[in-house]
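**Student:** This is the structure I have questions about; it appears just below.
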Amino acid sequence: MALAAKSWIIGRIITLLFYLKLVTFIDAAPQVPCYFIFGDSLSDCGNNNKLQSLAKVNSPPYGVDYPGGVTGRFTNGRTFVDFLAEFLGFDHHMPGFATVEGNAVLQGVNYASSGSGILNETGAIVGERFSLLQQIDNHKSIITRIKQIQGNNDQTTNQYLNKCMYTVNIGSNDYEGNYLMVPAANRTTPPDKWAAQLITAYSDTLKTLHGLGARKVAIWGLGQLGCEPSQVLEAKPKTPSGCVDDINKMISLFDNSLPKLVDDLSKTLPEAHFVYVNSSNISPGNDAAALGVKVTLEPCCKVGKTGGCIPNSAPCANRNDYSYFDLYHPSERSNLHGSLKAYNSTEPLDVYPMNLQKLALL
Ligand SMILES: *[C@@H]1O[C@H](CO)[C@@H](O)[C@H](O)[C@H]1NC(C)=O
Ligand SMILES: *[C@@H]1O[C@H](CO)[C@@H](O)[C@H](O)[C@H]1NC(C)=O
Ligand SMILES: *[C@@H]1O[C@H](CO)[C@@H](O)[C@H](O)[C@H]1NC(C)=O
Ligand SMILES: *[C@@H]1O[C@H](CO)[C@@H](O)[C@H](O)[C@H]1NC(C)=O
């Protein structure tokens with residue numbers, strides 16, 4: 001009897017598993033028809049490869065854990081936007097603006113460019129890059145292509161674009177590739193005024209994006225830039241936290257304005273849903289022990305003068321032990337953690353006022 005009951009239960013479980021699999025299969029269409037990505041090197045998938053730029057990484061060990069190997073992604077494997085594309089149900093990562101062809105534009109494009117910022121002049125030191133405003137211009141040209149494919153009907157295309165997911169993660173370079181490059185004693189703008197100027201410019205650009213049909217938009221805070229290995233290794237003297245607390249404090253002036261920004265935009269723009277992701281709170285450093293991350297303040301790869309991995313050098317063996325891959329960029333392990341929280345967390349400190357899954361299904 002006991003045995004029969006057991007095998008009945010096992011039978012049920014197998015049926016249930018089969019059913020769940022089937023449900024997953026039936027559900028396999030993406031939760032949104034399209035996903036557009038704006039940002040800097042955290043999101044870049046190779047858009048800088050053909051630019052005259054110091055900020056490109058088209059050689060190993062970048063991509064060592066990515067299915068396609070080297071692509072121009074600034075990490076060992078997938079970026080956080082690659083993971084988000086997977087969670088949203090896409091069977092591919094969004095193609096880069098620099099290379100996307102044909103009908104692929106219908107499902108979304110990645111415009112992100114390493115070195116870029118909210119301000120046009122940000123990142124000039126690395127050479128060519130697509131600033132956020134240039135990324136918006138590039139999006140306009142993609143919309144023209146989408147319109148052509150959809151039969152040149154403005155309303156059809158606009159209704160289609162309303163359903164897409166949009167993520168924007170930018171601003172780090174407006175500090176590291178702009179404000180912080182001037183010695184503190186020489187800065188003419190105080191930190192609070194700098195943050196306010198960035199927020200004003202960011203707000204204007206997000207309104208433009210809304211004007212181009214975006215309704216579901218998630219934006220990321222900059223998080224603990226003062227805990228990046230690049231900052232930590234230069235810090236003199238070291239602070240007890242291990243991070244450069246002054247930089248974290250300065251960045252929080254920007255980040256702390258973002259919840260109000262998403263509230264304002266959602267309230268004032270028609271049908272708009274803006275979401276804020278708190279990069280500080282979703283950092284793997286906060287859960288290092290639980291995640292099995294052992295090294296949070298040092299890079300995995302051997303870095304050269306620019307902070308990038310030395311081309312063709314061997315990366316660390318246990319890449320999941322590290323939160324950072326090079327001096328500036330998180331490892332795939334960190335990207336997985338952060339994207340899962342953004343997509344899935346029910347904690348308002350992680351995602352405000354809702355997670356990306358809810359945003360997608362609105
Ligand atoms: C989301 O959260 C649930 C419950 O915590 C988990 O089972 C699931 O694997 C998570 N990931 C995705 C992509 O939904
Ligand atoms: C910034 O760049 C955009 C796109 O390239 C351009 O249209 C705009 O005029 C520039 N703005 C300024 C203030 O330079
Ligand atoms: C900072 O200001 C000092 C004094 O005015 C000047 O000599 C120096 O060149 C400036 N440095 C930079 C990097 O602007
Ligand atoms: C983000 O999370 C941190 C905790 O990790 C918290 O101190 C901070 O206030 C949060 N920022 C915002 C703008 O919610």
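How things are named: the first chain in the structure tokens is A, the next is B, and so on; residues count from 1 in each chain; ligands count from 1 in the order shown.
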Can you tell me which residues sit at most 8 Å away from ligand 2, counting only C-alpha atoms and all ligand atoms, written as a PyMOL selection string?

**Tutor:** chain A and resi 119-121+130-137

**Student:** Using only C-alpha atoms and all ligand atoms, find each residue with an atom at most 6 Å away from ligand 3 and format the answer as a ChimeraX atom specification.

**Tutor:** /A:182-183,186

**Student:** May I have the residues from that selection written out with C-alpha atoms, as a PDB file, in the first residue's frame?

**Tutor:**
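The resulting file, selection31.pdb, is shown below:
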```
ATOM      1  CA  VAL A 182      38.342  67.863 -12.231  1.00  0.00           C
ATOM      2  CA  PRO A 183      40.308  68.062  -8.965  1.00  0.00           C
ATOM      3  CA  ASN A 186      38.959  73.259  -9.039  1.00  0.00           C
TER       4      ASN A 186
END
```

**Student:** Go through A:Thr306, A:Ile282, A:Tyr322, A:Leu356 and flag the residue nearest ligand 4, using only C-alpha atoms and all ligand atoms for the distances.

**Tutor:**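 Result for the nearest residue to ligand 4: A:Ile282.
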
**Student:** Please return as a JSON list (two decimals) with N, CA and C atoms, in the first residue's frame the residues found within 9 Å of ligand 1, counting only C-alpha atoms and all ligand atoms.

**Tutor:**
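Okay, pocket_14.json is ready:
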```
[["chain", "number", "residue", "atom", "x", "y", "z"],
["A", 83, "PHE", "N", 20.06, 39.48, -19.26],
["A", 83, "PHE", "CA", 19.22, 38.69, -18.36],
["A", 83, "PHE", "C", 17.78, 39.18, -18.40],
["A", 84, "LEU", "N", 17.59, 40.49, -18.41],
["A", 84, "LEU", "CA", 16.22, 41.02, -18.44],
["A", 84, "LEU", "C", 15.50, 40.56, -19.70],
["A", 86, "GLU", "N", 15.96, 37.82, -21.23],
["A", 86, "GLU", "CA", 15.59, 36.42, -21.00],
["A", 86, "GLU", "C", 14.37, 36.33, -20.08],
["A", 87, "PHE", "N", 14.38, 37.10, -18.99],
["A", 87, "PHE", "CA", 13.25, 37.03, -18.04],
["A", 87, "PHE", "C", 11.96, 37.50, -18.72],
["A", 88, "LEU", "N", 12.07, 38.45, -19.62],
["A", 88, "LEU", "CA", 10.88, 38.95, -20.31],
["A", 88, "LEU", "C", 10.37, 37.94, -21.34],
["A", 339, "SER", "N", 19.66, 41.87, -11.93],
["A", 339, "SER", "CA", 18.54, 41.83, -12.87],
["A", 339, "SER", "C", 17.37, 41.02, -12.30],
["A", 340, "LEU", "N", 17.69, 39.97, -11.53],
["A", 340, "LEU", "CA", 16.61, 39.20, -10.89],
["A", 340, "LEU", "C", 15.85, 40.08, -9.91],
["A", 341, "LYS", "N", 16.59, 40.86, -9.13],
["A", 341, "LYS", "CA", 15.93, 41.76, -8.17],
["A", 341, "LYS", "C", 15.06, 42.77, -8.91],
["A", 343, "TYR", "N", 13.71, 42.55, -11.76],
["A", 343, "TYR", "CA", 12.58, 41.89, -12.41],
["A", 343, "TYR", "C", 11.55, 41.38, -11.41],
["A", 344, "ASN", "N", 12.06, 40.92, -10.27],
["A", 344, "ASN", "CA", 11.30, 40.01, -9.43],
["A", 344, "ASN", "C", 11.04, 40.48, -8.02],
["A", 345, "SER", "N", 11.80, 41.47, -7.54],
["A", 345, "SER", "CA", 11.73, 41.81, -6.11],
["A", 345, "SER", "C", 10.38, 42.41, -5.76],
["A", 357, "GLN", "N", 8.59, 42.92, -13.83],
["A", 357, "GLN", "CA", 7.62, 41.93, -14.27],
["A", 357, "GLN", "C", 6.21, 42.57, -14.27]]
```

**Student:** If I take CA of Gly171 in chain A and CA of Gly117 in chain A, how far is one from the other in Å, to one decimal?

**Tutor:**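 Result for CA of Gly171 in chain A versus CA of Gly117 in chain A: 5.4 Å, one decimal.
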
**Student:** Restricting the calculation to only C-alpha atoms and all ligand atoms, which member of A:Leu297, A:Leu258, A:Leu51, A:Cys34 is positioned closest to ligand 4?

**Tutor:** A:Leu258

**Student:** Write out as a tab-separated table the residues of chain A that have any atom within 9 Å of an atom of ligand 4, one row each with the nearest atom pair and its distance in Å to one decimal, counting only C-alpha atoms and all ligand atoms, sorted by chain and then rising number.

**Tutor:**
```
residue	atom	partner	partner_atom_place_in_ligand_line	distance
A:Gly221	CA	ligand 4	13 (C)	7.7
A:Gly223	CA	ligand 4	1 (C)	7.7
A:Gln224	CA	ligand 4	5 (O)	9.0
A:Ser252	CA	ligand 4	11 (N)	7.4
A:Leu253	CA	ligand 4	13 (C)	8.9
A:Phe254	CA	ligand 4	13 (C)	8.6
A:Asp255	CA	ligand 4	13 (C)	5.3
A:Asn256	CA	ligand 4	13 (C)	3.8
A:Ser257	CA	ligand 4	13 (C)	6.6
A:Leu258	CA	ligand 4	13 (C)	6.3
A:Pro259	CA	ligand 4	13 (C)	5.9
A:Lys260	CA	ligand 4	13 (C)	8.8
A:Tyr276	CA	ligand 4	13 (C)	8.4
A:Val277	CA	ligand 4	14 (O)	8.5
A:Asn278	CA	ligand 4	1 (C)	4.9
A:Ser279	CA	ligand 4	1 (C)	6.9
A:Ser280	CA	ligand 4	5 (O)	4.7
A:Asn281	CA	ligand 4	5 (O)	3.5
A:Ile282	CA	ligand 4	5 (O)	7.2
A:Ser283	CA	ligand 4	5 (O)	7.9
A:Asn286	CA	ligand 4	5 (O)	7.6
A:Pro348	CA	ligand 4	14 (O)	8.3
A:Leu349	CA	ligand 4	14 (O)	5.6
A:Asp350	CA	ligand 4	2 (O)	6.9
A:Val351	CA	ligand 4	14 (O)	8.6
A:Tyr352	CA	ligand 4	14 (O)	8.1
```

**Student:** Need to verify the contact set: Thr99 in chain A, 12 Å, only C-alpha atoms, exclusion of same-chain residues closer than 6 positions in sequence. Can you return it as a ChimeraX atom specification?

**Tutor:** /A:45-50,71,105,109-111,142

**Student:** When you count only C-alpha atoms, which of these residues is closest to Ala317 in chain A: A:Asp287, A:Gly211, A:Cys301, A:Ile247?

**Tutor:**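 Of the candidates, the smallest distance to Ala317 in chain A is held by A:Cys301.
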
**Student:** Check the DSSP output for the backbone and give back, as JSON, numbers by chain, the residues of range 77-279 of chain A in strand (DSSP E).

**Tutor:** {"A": [165, 166, 167, 168, 169, 216, 217, 218, 219, 220, 273, 274, 275, 276, 277]}

**Student:** Looking only at alpha helix (DSSP H) from DSSP on the backbone, list the matching residues of range 107-196 of chain A as an MDAnalysis selection string.

**Tutor:** chainID A and resid 132:149 154:162 172:176 191:196

**Student:** Would you list the contacts of Leu161 in chain A as a PyMOL selection string, taking every protein, DNA or RNA residue within 9 Å and counting only C-alpha atoms, but skipping same-chain residues closer than 5 positions in sequence?

**Tutor:** chain A and resi 33-34+143+156+212-215

**Student:** For Thr79 in chain A, find every residue with an atom within 9 Å (counting only C-alpha atoms), except residues of its own chain fewer than 5 positions away, and show them as a ChimeraX atom specification.

**Tutor:** /A:42-45,73-74,84,330-332,335-336,339

**Student:** Take the selection from the previous step and output its residues with all heavy atoms, as a compact mmCIF listing (two decimals), in the first residue's frame.

**Tutor:**
```txt
# COMPACT_ATOMS: atom_id res chain seq x y z
N LEU A 42 27.51 49.45 -18.93
CA LEU A 42 26.83 48.39 -18.18
C LEU A 42 25.85 47.64 -19.07
O LEU A 42 25.54 46.48 -18.84
CB LEU A 42 26.10 48.97 -16.97
CG LEU A 42 26.98 49.64 -15.92
CD1 LEU A 42 26.12 50.30 -14.85
CD2 LEU A 42 27.93 48.63 -15.29
N SER A 43 25.35 48.34 -20.10
CA SER A 43 24.35 47.74 -21.00
C SER A 43 24.90 47.48 -22.41
O SER A 43 24.28 46.73 -23.18
CB SER A 43 23.14 48.67 -21.16
OG SER A 43 22.65 49.14 -19.92
N ASP A 44 26.02 48.10 -22.76
CA ASP A 44 26.57 48.02 -24.12
C ASP A 44 26.77 46.55 -24.54
O ASP A 44 27.24 45.74 -23.74
CB ASP A 44 27.91 48.77 -24.17
CG ASP A 44 28.41 49.07 -25.57
OD1 ASP A 44 27.84 48.52 -26.55
OD2 ASP A 44 29.38 49.85 -25.70
N CYS A 45 26.41 46.25 -25.79
CA CYS A 45 26.58 44.88 -26.29
C CYS A 45 27.53 44.86 -27.48
O CYS A 45 27.57 43.89 -28.24
CB CYS A 45 25.22 44.30 -26.68
SG CYS A 45 24.41 45.25 -27.98
N ARG A 73 30.78 43.19 -24.98
CA ARG A 73 30.17 43.33 -23.65
C ARG A 73 31.27 43.51 -22.60
O ARG A 73 32.29 42.80 -22.67
CB ARG A 73 29.34 42.09 -23.31
CG ARG A 73 28.02 42.04 -24.03
CD ARG A 73 27.32 40.70 -23.84
NE ARG A 73 25.94 40.75 -24.34
CZ ARG A 73 25.60 40.73 -25.63
NH1 ARG A 73 26.53 40.63 -26.56
NH2 ARG A 73 24.32 40.79 -26.00
N PHE A 74 31.00 44.40 -21.63
CA PHE A 74 32.03 44.75 -20.64
C PHE A 74 31.95 43.85 -19.41
O PHE A 74 31.90 44.33 -18.27
CB PHE A 74 31.89 46.23 -20.25
CG PHE A 74 32.34 47.17 -21.32
CD1 PHE A 74 31.59 47.33 -22.48
CD2 PHE A 74 33.52 47.88 -21.18
CE1 PHE A 74 31.99 48.20 -23.47
CE2 PHE A 74 33.93 48.76 -22.18
CZ PHE A 74 33.18 48.91 -23.33
N LEU A 84 17.59 40.49 -18.41
CA LEU A 84 16.22 41.02 -18.44
C LEU A 84 15.50 40.56 -19.70
O LEU A 84 14.32 40.20 -19.65
CB LEU A 84 16.22 42.54 -18.33
CG LEU A 84 16.55 43.09 -16.93
CD1 LEU A 84 16.65 44.61 -16.97
CD2 LEU A 84 15.51 42.64 -15.90
N PRO A 330 30.67 45.07 -13.31
CA PRO A 330 30.30 43.89 -12.54
C PRO A 330 30.47 42.59 -13.33
O PRO A 330 30.43 42.59 -14.57
CB PRO A 330 28.83 44.11 -12.20
CG PRO A 330 28.40 45.36 -12.86
CD PRO A 330 29.55 45.99 -13.55
N SER A 331 30.65 41.53 -12.60
CA SER A 331 30.74 40.20 -13.20
C SER A 331 29.34 39.74 -13.61
O SER A 331 28.33 40.33 -13.19
CB SER A 331 31.28 39.20 -12.17
OG SER A 331 30.37 39.12 -11.08
N GLU A 332 29.28 38.68 -14.39
CA GLU A 332 27.98 38.11 -14.77
C GLU A 332 27.19 37.72 -13.52
O GLU A 332 25.97 37.88 -13.48
CB GLU A 332 28.18 36.89 -15.68
CG GLU A 332 26.86 36.30 -16.11
CD GLU A 332 27.01 35.05 -16.98
OE1 GLU A 332 27.55 34.03 -16.49
OE2 GLU A 332 26.58 35.09 -18.15
N ASN A 335 25.49 40.71 -12.33
CA ASN A 335 24.45 41.10 -13.27
C ASN A 335 23.20 40.24 -13.13
O ASN A 335 22.07 40.73 -13.23
CB ASN A 335 24.97 41.03 -14.71
CG ASN A 335 26.00 42.11 -15.00
OD1 ASN A 335 26.01 43.15 -14.34
ND2 ASN A 335 26.90 41.85 -15.94
N LEU A 336 23.41 38.96 -12.86
CA LEU A 336 22.27 38.06 -12.65
C LEU A 336 21.51 38.47 -11.40
O LEU A 336 20.28 38.59 -11.41
CB LEU A 336 22.76 36.61 -12.54
CG LEU A 336 21.69 35.59 -12.10
CD1 LEU A 336 20.52 35.57 -13.07
CD2 LEU A 336 22.30 34.19 -11.97
N SER A 339 19.66 41.87 -11.93
CA SER A 339 18.54 41.83 -12.87
C SER A 339 17.37 41.02 -12.30
O SER A 339 16.21 41.36 -12.52
CB SER A 339 18.98 41.26 -14.22
OG SER A 339 19.60 40.01 -14.05
```
